[in-house]
$ cat input08.tsv   # TSV, C-alpha atoms
chain	number	residue	atom	x	y	z
H	1	MET	CA	-24.13	191.94	-86.28
H	2	THR	CA	-26.43	192.32	-89.29
H	3	CYS	CA	-29.51	194.50	-89.25
H	4	THR	CA	-32.63	194.57	-91.38
H	5	PRO	CA	-35.01	197.49	-91.87
H	6	SER	CA	-37.71	197.71	-89.22
H	7	PRO	CA	-41.08	197.28	-90.94
H	8	GLY	CA	-43.13	197.90	-87.78
H	9	GLY	CA	-40.76	200.36	-86.16
H	10	ASN	CA	-38.26	199.58	-83.43
H	11	LEU	CA	-38.92	202.45	-81.02
H	12	SER	CA	-35.89	203.04	-78.79
H	13	VAL	CA	-34.74	205.44	-76.07
H	14	VAL	CA	-31.49	206.87	-77.45
H	15	LEU	CA	-29.08	209.08	-75.52
H	16	HIS	CA	-27.30	211.35	-78.00
H	17	ALA	CA	-25.54	213.64	-75.55
H	18	LYS	CA	-25.85	215.04	-72.05
H	19	ASN	CA	-29.50	215.96	-71.36
H	20	GLU	CA	-30.51	214.75	-74.82
H	21	ILE	CA	-32.75	211.68	-74.89
H	22	VAL	CA	-34.60	211.00	-78.15
H	23	LEU	CA	-37.33	208.47	-78.94
H	24	GLU	CA	-36.53	207.15	-82.38
H	25	ASP	CA	-36.82	204.07	-84.58
H	26	VAL	CA	-33.66	202.02	-85.09
H	27	PRO	CA	-33.07	198.92	-87.23
H	28	ILE	CA	-34.04	195.49	-85.90
H	29	CYS	CA	-30.94	193.30	-85.75
H	30	GLU	CA	-30.78	189.60	-86.57
H	31	PRO	CA	-28.96	187.49	-83.96
H	32	GLN	CA	-25.43	186.29	-84.59
H	33	GLU	CA	-24.70	182.58	-84.15
H	34	ASN	CA	-24.37	182.78	-80.34
H	35	GLU	CA	-27.04	185.40	-79.76
H	36	VAL	CA	-30.78	185.56	-79.28
H	37	GLN	CA	-33.14	188.25	-80.48
H	38	LEU	CA	-35.48	189.53	-77.77
H	39	LYS	CA	-38.78	191.33	-77.80
H	40	MET	CA	-38.20	193.49	-74.76
H	41	GLY	CA	-40.63	193.31	-71.88
H	42	ALA	CA	-39.78	195.37	-68.78
H	43	VAL	CA	-36.83	197.67	-68.16
H	44	GLY	CA	-36.06	199.39	-64.87
H	45	ILE	CA	-34.50	202.83	-64.62
H	46	CYS	CA	-31.35	202.87	-62.50
H	47	GLY	CA	-29.46	205.74	-60.90
H	48	THR	CA	-26.71	205.05	-63.43
H	49	ASP	CA	-29.15	205.80	-66.26
H	50	ILE	CA	-29.99	209.11	-64.61
H	51	HIS	CA	-26.28	209.99	-64.29
H	52	PHE	CA	-25.72	209.23	-67.97
H	53	TRP	CA	-28.70	211.33	-69.01
H	54	SER	CA	-28.10	214.35	-66.78
H	55	GLU	CA	-24.29	214.35	-66.62
H	56	GLY	CA	-23.20	212.49	-69.75
H	57	SER	CA	-20.94	210.16	-67.77
H	58	VAL	CA	-20.58	207.85	-64.79
H	59	GLY	CA	-17.12	207.89	-63.25
H	60	ASP	CA	-14.64	207.24	-66.05
H	61	VAL	CA	-17.34	206.07	-68.48
H	62	THR	CA	-18.45	208.85	-70.82
H	63	ILE	CA	-21.09	208.60	-73.51
H	64	LYS	CA	-19.24	208.69	-76.84
H	65	SER	CA	-21.97	208.09	-79.41
H	66	PRO	CA	-25.74	207.66	-79.60
H	67	THR	CA	-26.55	204.79	-77.23
H	68	ILE	CA	-29.79	203.01	-76.40
H	69	LEU	CA	-30.19	203.19	-72.63
H	70	GLY	CA	-31.41	200.53	-70.21
H	71	HIS	CA	-29.54	197.71	-68.46
H	72	GLU	CA	-32.17	196.29	-66.06
H	73	SER	CA	-34.15	194.33	-68.58
H	74	SER	CA	-36.15	191.26	-69.51
H	75	GLY	CA	-37.79	190.02	-72.68
H	76	THR	CA	-39.08	187.14	-74.80
H	77	VAL	CA	-36.94	185.26	-77.31
H	78	THR	CA	-38.11	185.89	-80.89
H	79	ALA	CA	-35.17	184.36	-82.81
H	80	VAL	CA	-32.06	182.35	-82.00
H	81	GLY	CA	-28.62	182.17	-83.56
H	82	SER	CA	-27.45	179.04	-85.34
H	83	LYS	CA	-25.34	177.79	-82.41
H	84	VAL	CA	-27.79	178.55	-79.59
H	85	THR	CA	-29.17	175.44	-77.90
H	86	SER	CA	-29.95	176.72	-74.40
H	87	LEU	CA	-32.94	178.85	-75.38
H	88	LYS	CA	-35.80	178.70	-77.85
H	89	VAL	CA	-38.34	181.08	-79.34
H	90	GLY	CA	-40.96	181.95	-76.75
H	91	ASP	CA	-38.69	181.65	-73.69
H	92	ARG	CA	-38.92	184.58	-71.30
H	93	VAL	CA	-35.51	185.67	-70.04
H	94	ALA	CA	-33.70	188.13	-67.77
H	95	VAL	CA	-30.76	189.85	-69.40
H	96	GLU	CA	-27.35	190.07	-67.71
H	97	PRO	CA	-26.18	193.22	-69.52
H	98	GLY	CA	-22.43	192.92	-69.07
H	99	ILE	CA	-20.54	191.26	-71.92
H	100	PRO	CA	-16.94	190.31	-70.97
H	101	CYS	CA	-14.27	189.11	-73.39
H	102	LEU	CA	-14.00	185.71	-71.58
H	103	ARG	CA	-10.42	185.43	-72.85
H	104	CYS	CA	-8.30	187.64	-70.59
H	105	ASP	CA	-6.68	186.44	-67.37
H	106	ILE	CA	-9.22	188.31	-65.23
H	107	CYS	CA	-12.14	186.59	-66.96
H	108	LYS	CA	-10.45	183.20	-66.60
H	109	ARG	CA	-10.16	183.83	-62.86
H	110	GLY	CA	-13.94	184.25	-62.74
H	111	ARG	CA	-13.98	188.00	-62.09
H	112	TYR	CA	-15.36	188.90	-65.48
H	113	ASN	CA	-17.14	191.96	-64.07
H	114	VAL	CA	-13.80	193.76	-63.94
H	115	CYS	CA	-12.69	192.62	-67.39
H	116	PRO	CA	-10.92	195.58	-69.05
H	117	HIS	CA	-12.82	194.78	-72.26
H	118	TRP	CA	-16.24	194.53	-70.55
H	119	LEU	CA	-19.15	196.00	-72.52
H	120	LEU	CA	-22.30	196.98	-70.61
H	121	SER	CA	-25.60	197.24	-72.44
H	122	GLY	CA	-27.08	200.67	-71.93
H	123	MET	CA	-23.71	202.26	-71.24
H	124	THR	CA	-20.89	201.18	-73.54
H	125	ALA	CA	-23.21	199.19	-75.84
H	126	ASP	CA	-26.86	199.53	-76.83
H	127	GLY	CA	-29.27	198.53	-74.08
H	128	GLY	CA	-32.77	197.30	-73.44
H	129	LEU	CA	-35.00	200.37	-73.79
H	130	THR	CA	-36.14	199.32	-77.23
H	131	ARG	CA	-38.73	197.05	-78.83
H	132	TYR	CA	-36.16	194.49	-80.03
H	133	MET	CA	-32.53	193.81	-79.19
H	134	CYS	CA	-29.96	191.03	-79.59
H	135	HIS	CA	-27.82	189.68	-76.76
H	136	PRO	CA	-25.46	186.73	-76.18
H	137	ALA	CA	-27.48	183.68	-75.18
H	138	ASP	CA	-25.01	182.82	-72.42
H	139	PHE	CA	-26.04	186.01	-70.63
H	140	CYS	CA	-29.78	185.46	-70.89
H	141	PHE	CA	-31.45	183.49	-68.08
H	142	LYS	CA	-34.73	181.68	-68.63
H	143	LEU	CA	-37.45	182.74	-66.23
H	144	PRO	CA	-39.63	180.09	-64.59
H	145	ASP	CA	-43.38	180.46	-64.98
H	146	ASN	CA	-43.83	181.99	-61.53
H	147	VAL	CA	-41.39	184.86	-62.20
H	148	SER	CA	-42.84	187.79	-64.13
H	149	LEU	CA	-41.03	189.91	-66.71
H	150	GLU	CA	-41.06	192.76	-64.18
H	151	GLU	CA	-39.29	190.57	-61.65
H	152	GLY	CA	-36.93	189.47	-64.41
H	153	ALA	CA	-35.92	193.10	-64.91
H	154	LEU	CA	-35.23	193.33	-61.17
H	155	LEU	CA	-32.78	190.46	-61.43
H	156	GLU	CA	-30.03	192.90	-62.44
H	157	PRO	CA	-30.19	195.12	-59.31
H	158	LEU	CA	-30.74	191.98	-57.22
H	159	ALA	CA	-27.48	190.60	-58.64
H	160	VAL	CA	-25.75	193.86	-57.67
H	161	ALA	CA	-27.01	193.39	-54.10
H	162	LEU	CA	-26.02	189.72	-54.02
H	163	HIS	CA	-22.52	190.53	-55.24
H	164	ALA	CA	-22.21	193.25	-52.59
H	165	CYS	CA	-23.28	190.87	-49.81
H	166	ARG	CA	-20.81	188.28	-51.07
H	167	ARG	CA	-18.01	190.85	-51.23
H	168	ALA	CA	-18.84	191.87	-47.67
H	169	ASN	CA	-18.97	188.23	-46.51
H	170	VAL	CA	-22.31	188.56	-44.78
H	171	PHE	CA	-22.50	185.56	-42.45
H	172	ALA	CA	-25.05	183.83	-40.24
H	173	GLY	CA	-25.44	185.83	-37.05
H	174	SER	CA	-23.84	189.00	-38.43
H	175	LYS	CA	-24.98	192.47	-37.43
H	176	VAL	CA	-25.44	194.53	-40.56
H	177	LEU	CA	-25.73	198.24	-41.30
H	178	VAL	CA	-27.23	199.23	-44.65
H	179	CYS	CA	-26.78	202.89	-45.57
H	180	GLY	CA	-29.52	203.93	-47.99
H	181	ALA	CA	-32.97	202.45	-48.57
H	182	GLY	CA	-33.10	202.93	-52.32
H	183	PRO	CA	-33.57	199.92	-54.63
H	184	ILE	CA	-30.05	198.54	-54.04
H	185	GLY	CA	-30.16	199.13	-50.29
H	186	LEU	CA	-33.54	197.45	-49.98
H	187	LEU	CA	-32.34	194.47	-51.99
H	188	CYS	CA	-29.11	194.27	-49.96
H	189	LEU	CA	-31.29	194.19	-46.86
H	190	SER	CA	-33.36	191.33	-48.29
H	191	ILE	CA	-30.34	189.27	-49.30
H	192	ALA	CA	-28.49	189.88	-46.03
H	193	ARG	CA	-31.55	188.48	-44.27
H	194	VAL	CA	-31.55	185.39	-46.49
H	195	MET	CA	-27.82	184.94	-45.82
H	196	GLY	CA	-28.48	184.75	-42.09
H	197	ALA	CA	-27.89	188.24	-40.72
H	198	ALA	CA	-29.12	188.31	-37.12
H	199	SER	CA	-29.83	192.03	-36.92
H	200	ILE	CA	-30.09	194.66	-39.65
H	201	VAL	CA	-30.34	198.44	-39.28
H	202	ILE	CA	-30.97	200.65	-42.30
H	203	THR	CA	-30.73	204.42	-42.70
H	204	ASP	CA	-32.24	206.84	-45.22
H	205	LEU	CA	-33.33	210.43	-45.74
H	206	GLU	CA	-36.91	209.45	-46.62
H	207	GLN	CA	-39.36	207.90	-44.17
H	208	TYR	CA	-41.44	206.14	-46.83
H	209	ARG	CA	-38.37	204.17	-47.91
H	210	LEU	CA	-37.67	203.21	-44.31
H	211	ASP	CA	-41.27	202.07	-43.86
H	212	LEU	CA	-40.84	199.71	-46.82
H	213	ALA	CA	-37.52	198.54	-45.41
H	214	VAL	CA	-39.27	197.44	-42.21
H	215	GLN	CA	-41.84	195.55	-44.30
H	216	LEU	CA	-38.97	193.80	-46.08
H	217	GLY	CA	-37.32	192.68	-42.86
H	218	ALA	CA	-35.22	195.48	-41.36
H	219	ASP	CA	-35.03	195.24	-37.57
H	220	HIS	CA	-34.38	198.96	-37.18
H	221	ALA	CA	-34.91	201.90	-39.55
H	222	ILE	CA	-33.26	205.24	-38.77
H	223	LEU	CA	-34.23	208.51	-40.44
H	224	VAL	CA	-31.22	210.65	-41.32
H	225	ASP	CA	-32.41	214.04	-40.07
H	226	THR	CA	-29.08	215.44	-38.91
H	227	LYS	CA	-25.70	216.25	-40.46
H	228	ASP	CA	-23.95	215.25	-37.24
H	229	VAL	CA	-22.07	212.06	-38.16
H	230	GLN	CA	-21.34	211.14	-34.55
H	231	GLU	CA	-25.01	211.48	-33.64
H	232	MET	CA	-25.91	209.07	-36.46
H	233	VAL	CA	-23.22	206.65	-35.29
H	234	LYS	CA	-24.67	206.76	-31.77
H	235	ARG	CA	-28.18	206.02	-33.07
H	236	ILE	CA	-26.90	203.09	-35.14
H	237	HIS	CA	-25.03	201.54	-32.22
H	238	THR	CA	-28.04	202.00	-29.92
H	239	ALA	CA	-30.39	200.35	-32.43
H	240	LEU	CA	-28.08	197.36	-33.00
H	241	GLY	CA	-27.02	197.11	-29.38
H	242	ASP	CA	-23.52	196.81	-30.78
H	243	LYS	CA	-21.33	197.93	-33.68
H	244	PRO	CA	-21.99	196.37	-37.11
H	245	ASN	CA	-19.73	193.55	-38.31
H	246	ILE	CA	-20.78	194.30	-41.87
H	247	THR	CA	-21.67	197.64	-43.44
H	248	LEU	CA	-23.16	197.98	-46.92
H	249	GLU	CA	-22.92	201.60	-48.10
H	250	CYS	CA	-25.50	202.01	-50.87
H	251	THR	CA	-25.80	205.79	-51.30
H	252	GLY	CA	-22.44	207.06	-52.52
H	253	ALA	CA	-22.98	210.19	-50.39
H	254	PRO	CA	-19.76	211.30	-48.64
H	255	ALA	CA	-21.53	211.83	-45.29
H	256	ALA	CA	-22.93	208.30	-45.46
H	257	VAL	CA	-19.52	206.79	-46.23
H	258	GLN	CA	-18.03	208.75	-43.34
H	259	THR	CA	-20.79	207.48	-41.04
H	260	ALA	CA	-20.17	203.93	-42.26
H	261	ILE	CA	-16.46	204.13	-41.42
H	262	HIS	CA	-17.05	205.53	-37.94
H	263	ALA	CA	-19.92	203.14	-37.16
H	264	SER	CA	-18.19	199.92	-38.25
H	265	GLN	CA	-16.75	197.49	-35.74
H	266	ILE	CA	-13.01	197.05	-35.21
H	267	GLY	CA	-11.93	194.49	-37.80
H	268	GLY	CA	-15.24	194.83	-39.62
H	269	VAL	CA	-16.01	195.00	-43.32
H	270	LEU	CA	-17.34	197.97	-45.29
H	271	ALA	CA	-18.53	197.24	-48.83
H	272	VAL	CA	-18.98	200.43	-50.85
H	273	VAL	CA	-21.82	199.82	-53.29
H	274	GLY	CA	-23.22	203.26	-54.12
H	275	LEU	CA	-21.67	205.35	-56.89
H	276	GLY	CA	-20.83	208.81	-55.62
H	277	ALA	CA	-18.31	211.56	-56.28
H	278	TYR	CA	-15.07	210.64	-58.05
H	279	HIS	CA	-13.09	212.01	-55.08
H	280	MET	CA	-14.24	212.00	-51.43
H	281	ASN	CA	-12.92	213.42	-48.16
H	282	LEU	CA	-12.97	210.35	-45.90
H	283	PRO	CA	-11.68	209.58	-42.38
H	284	ILE	CA	-9.02	207.09	-43.42
H	285	PHE	CA	-7.05	207.23	-40.15
H	286	PRO	CA	-9.93	205.70	-38.09
H	287	ALA	CA	-10.37	203.06	-40.79
H	288	LEU	CA	-6.70	202.15	-40.57
H	289	MET	CA	-6.59	202.08	-36.78
H	290	LYS	CA	-9.53	199.67	-36.55
H	291	GLU	CA	-8.22	197.61	-39.50
H	292	LEU	CA	-11.49	198.10	-41.31
H	293	ASP	CA	-11.65	196.19	-44.60
H	294	ILE	CA	-13.02	198.60	-47.22
H	295	ARG	CA	-14.07	196.63	-50.30
H	296	GLY	CA	-15.15	197.96	-53.65
H	297	THR	CA	-17.98	196.42	-55.62
H	298	ASN	CA	-18.52	196.56	-59.37
H	299	ALA	CA	-21.76	195.13	-60.73
H	300	TYR	CA	-21.68	191.32	-60.32
H	301	ALA	CA	-20.10	188.10	-61.49
H	302	ASN	CA	-21.74	184.68	-61.47
H	303	CYS	CA	-24.70	186.05	-59.51
H	304	PHE	CA	-27.72	185.82	-61.83
H	305	PRO	CA	-28.49	182.09	-61.28
H	306	THR	CA	-28.51	182.44	-57.49
H	307	ALA	CA	-30.47	185.70	-57.62
H	308	LEU	CA	-33.04	184.04	-59.86
H	309	ASP	CA	-33.34	181.10	-57.44
H	310	MET	CA	-33.97	183.58	-54.62
H	311	LEU	CA	-36.78	185.21	-56.59
H	312	ALA	CA	-38.35	181.99	-57.84
H	313	SER	CA	-38.32	180.36	-54.39
H	314	GLY	CA	-39.89	183.39	-52.74
H	315	LYS	CA	-36.94	183.86	-50.39
H	316	VAL	CA	-36.63	187.41	-51.74
H	317	ASN	CA	-39.68	189.49	-52.61
H	318	ALA	CA	-38.46	192.26	-54.88
H	319	LYS	CA	-41.82	193.35	-56.30
H	320	PRO	CA	-42.63	195.95	-53.61
H	321	ILE	CA	-39.75	198.18	-54.71
H	322	ILE	CA	-41.50	198.81	-58.07
H	323	THR	CA	-43.56	201.95	-57.47
H	324	HIS	CA	-44.14	203.54	-60.91
H	325	HIS	CA	-44.96	202.18	-64.38
H	326	PHE	CA	-44.68	203.77	-67.83
H	327	LYS	CA	-44.95	202.76	-71.48
H	328	LEU	CA	-41.91	202.97	-73.75
H	329	SER	CA	-43.49	205.96	-75.49
H	330	GLU	CA	-43.57	207.70	-72.08
H	331	ALA	CA	-39.85	207.23	-71.47
H	332	MET	CA	-39.09	210.92	-71.02
H	333	LYS	CA	-41.72	211.20	-68.31
H	334	ALA	CA	-40.36	208.03	-66.71
H	335	PHE	CA	-36.83	209.46	-66.56
H	336	GLU	CA	-38.06	212.74	-65.14
H	337	THR	CA	-40.00	210.86	-62.47
H	338	ALA	CA	-36.99	208.73	-61.53
H	339	LYS	CA	-34.72	211.79	-61.36
H	340	GLN	CA	-37.22	213.72	-59.25
H	341	GLY	CA	-37.27	211.13	-56.46
H	342	GLY	CA	-39.37	211.55	-53.33
H	343	SER	CA	-43.17	211.29	-53.32
H	344	GLY	CA	-43.10	207.53	-52.86
H	345	ILE	CA	-40.77	206.90	-55.82
H	346	ILE	CA	-38.39	203.95	-55.53
H	347	LYS	CA	-38.13	201.94	-58.75
H	348	VAL	CA	-39.53	203.19	-62.05
H	349	MET	CA	-40.34	200.47	-64.58
H	350	ILE	CA	-40.81	200.97	-68.34
H	351	HIS	CA	-42.90	198.41	-70.24
H	352	CYS	CA	-41.56	198.07	-73.78
H	353	ASP	CA	-44.27	195.61	-74.87
H	354	GLN	CA	-47.24	197.89	-74.24

$ encode --input "input08.tsv" --output "structure tokens"
Amino acid sequence: MTCTPSPGGNLSVVLHAKNEIVLEDVPICEPQENEVQLKMGAVGICGTDIHFWSEGSVGDVTIKSPTILGHESSGTVTAVGSKVTSLKVGDRVAVEPGIPCLRCDICKRGRYNVCPHWLLSGMTADGGLTRYMCHPADFCFKLPDNVSLEEGALLEPLAVALHACRRANVFAGSKVLVCGAGPIGLLCLSIARVMGAASIVITDLEQYRLDLAVQLGADHAILVDTKDVQEMVKRIHTALGDKPNITLECTGAPAAVQTAIHASQIGGVLAVVGLGAYHMNLPIFPALMKELDIRGTNAYANCFPTALDMLASGKVNAKPIITHHFKLSEAMKAFETAKQGGSGIIKVMIHCDQ
């Protein structure tokens, strides 16, 4: 990748080390033959970004050098590489941030999200919290006129939710438990409804999140106001009138995963979506005895086109989860707001083009 000096400044949010975010100008890069250059529009802050900032790592992934953050992003094409024919200057696109090798056996089997050579913008490669960036054209998806750049930035977490629902095999008539009404939980709820779930119960620590969940289609919303796992299981079963066939655990909190295992139906499926502690104390014996299928999820594969169709058709309304807006120059305040949580905060959006 070649870079030219930035005459107007390419302001970027750069993570140098744990707890060290710096706003600084970086060079503007020219696209390689299969890339497009983007003027960035909207970028959402994810829990993963907060982990990187405050802890310096997420699971096994540790920040190794100055990295531009941001992986929930959209922008407008400003230049195209010599071999790009799918996009043109002026197109508005959503960015799928993962860049697989597309050569290994795992990629050839279609599961490129677990490619051992996978690069993820904003984590192991520079991301979208910048004025201009370059990205492979094959992983940029043109937005129709009725989908805003903000919604385009939400396509990434929507793809996470879609992949989770696919991994869990949500089916028409299923009874679904969603643990956690954060952005991913709310989007899992929305997609499970589109996929035909007959009844959905969602749990969370915050009532304002549960209120939004009901607006988005939850049949039952349960406030987690006790540490008694069995009491929560009882409330879930009472609300559903049964045990869930499908559970989508979107918090990563050990107590929530424990509740999910105990609440799930015999022979049911538990998809673990939320990123929590590296090691957890979990009730494996009950999971084994009921032959519960516990399935991991990692980002998404081949999900962006379907997620975009869901947004464009209006089947999924993701806009209500955006609660706070900031300019790129206010990035530090945006990160502090997202980390703080509570007070009506769900999804914080940074606008790079303001």

$ closest_residue --input "input08.tsv" --among "H:Leu23, H:Ala331, H:Ala125, H:Ala168" --to "Leu270 of chain H" --atoms "all atoms listed in the file"
H:Ala168

$ closest_residue --input "input08.tsv" --among "H:Ile184, H:Leu212, H:Leu149, H:Cys165" --to "Ile246 of chain H" --atoms "all atoms listed in the file"
H:Cys165

$ residues_around --input "input08.tsv" --residues "segment 69-83 of chain H" --least-positions-apart "4" --cutoff "9 Å" --atoms "only C-alpha atoms" --output "tab-separated table (two decimals) with C-alpha atoms, keeping the file's coordinate frame"
chain	number	residue	atom	x	y	z
H	12	SER	CA	-35.89	203.04	-78.79
H	13	VAL	CA	-34.74	205.44	-76.07
H	14	VAL	CA	-31.49	206.87	-77.45
H	15	LEU	CA	-29.08	209.08	-75.52
H	30	GLU	CA	-30.78	189.60	-86.57
H	31	PRO	CA	-28.96	187.49	-83.96
H	32	GLN	CA	-25.43	186.29	-84.59
H	33	GLU	CA	-24.70	182.58	-84.15
H	34	ASN	CA	-24.37	182.78	-80.34
H	35	GLU	CA	-27.04	185.40	-79.76
H	36	VAL	CA	-30.78	185.56	-79.28
H	37	GLN	CA	-33.14	188.25	-80.48
H	38	LEU	CA	-35.48	189.53	-77.77
H	39	LYS	CA	-38.78	191.33	-77.80
H	40	MET	CA	-38.20	193.49	-74.76
H	41	GLY	CA	-40.63	193.31	-71.88
H	42	ALA	CA	-39.78	195.37	-68.78
H	43	VAL	CA	-36.83	197.67	-68.16
H	44	GLY	CA	-36.06	199.39	-64.87
H	45	ILE	CA	-34.50	202.83	-64.62
H	46	CYS	CA	-31.35	202.87	-62.50
H	49	ASP	CA	-29.15	205.80	-66.26
H	52	PHE	CA	-25.72	209.23	-67.97
H	87	LEU	CA	-32.94	178.85	-75.38
H	88	LYS	CA	-35.80	178.70	-77.85
H	89	VAL	CA	-38.34	181.08	-79.34
H	90	GLY	CA	-40.96	181.95	-76.75
H	91	ASP	CA	-38.69	181.65	-73.69
H	92	ARG	CA	-38.92	184.58	-71.30
H	93	VAL	CA	-35.51	185.67	-70.04
H	94	ALA	CA	-33.70	188.13	-67.77
H	95	VAL	CA	-30.76	189.85	-69.40
H	96	GLU	CA	-27.35	190.07	-67.71
H	97	PRO	CA	-26.18	193.22	-69.52
H	98	GLY	CA	-22.43	192.92	-69.07
H	120	LEU	CA	-22.30	196.98	-70.61
H	121	SER	CA	-25.60	197.24	-72.44
H	122	GLY	CA	-27.08	200.67	-71.93
H	123	MET	CA	-23.71	202.26	-71.24
H	125	ALA	CA	-23.21	199.19	-75.84
H	126	ASP	CA	-26.86	199.53	-76.83
H	127	GLY	CA	-29.27	198.53	-74.08
H	128	GLY	CA	-32.77	197.30	-73.44
H	129	LEU	CA	-35.00	200.37	-73.79
H	130	THR	CA	-36.14	199.32	-77.23
H	132	TYR	CA	-36.16	194.49	-80.03
H	137	ALA	CA	-27.48	183.68	-75.18
H	140	CYS	CA	-29.78	185.46	-70.89
H	149	LEU	CA	-41.03	189.91	-66.71
H	150	GLU	CA	-41.06	192.76	-64.18
H	151	GLU	CA	-39.29	190.57	-61.65
H	152	GLY	CA	-36.93	189.47	-64.41
H	153	ALA	CA	-35.92	193.10	-64.91
H	154	LEU	CA	-35.23	193.33	-61.17
H	155	LEU	CA	-32.78	190.46	-61.43
H	156	GLU	CA	-30.03	192.90	-62.44
H	157	PRO	CA	-30.19	195.12	-59.31
H	352	CYS	CA	-41.56	198.07	-73.78
H	353	ASP	CA	-44.27	195.61	-74.87

$ atom_distance --input "input08.tsv" --atom1 "atom CA of Glu330 of chain H" --atom2 "atom CA of Ile50 of chain H"
15.6 Å

$ residues_near_point --input "input08.tsv" --point "(-17.5, 195.8, -56.4)" --cutoff "9 Å" --atoms "only C-alpha atoms" --output "list in words"
Asn113, Val114, Val160, His163, Ala164, Arg167, Ala271, Val272, Val273, Arg295, Gly296, Thr297, Asn298, Ala299 and Tyr300 of chain H

$ residues_around --input "input08.tsv" --residues "Ser313 of chain H" --least-positions-apart "6" --cutoff "12 Å" --atoms "all atoms listed in the file" --output "number ranges by chain"
H: 144-147, 194, 306-307

$ write_last_selection --input "input08.tsv" --atoms "C-alpha atoms" --output "PDB file, in the frame of the given file"
ATOM      1  CA  PRO H 144     -39.630 180.090 -64.590  1.00  0.00           C
ATOM      2  CA  ASP H 145     -43.380 180.460 -64.980  1.00  0.00           C
ATOM      3  CA  ASN H 146     -43.830 181.990 -61.530  1.00  0.00           C
ATOM      4  CA  VAL H 147     -41.390 184.860 -62.200  1.00  0.00           C
ATOM      5  CA  VAL H 194     -31.550 185.390 -46.490  1.00  0.00           C
ATOM      6  CA  THR H 306     -28.510 182.440 -57.490  1.00  0.00           C
ATOM      7  CA  ALA H 307     -30.470 185.700 -57.620  1.00  0.00           C
TER       8      ALA H 307
END

$ atom_distance --input "input08.tsv" --atom1 "atom CA of Ala198 of chain H" --atom2 "atom CA of Asp228 of chain H"
27.4 Å
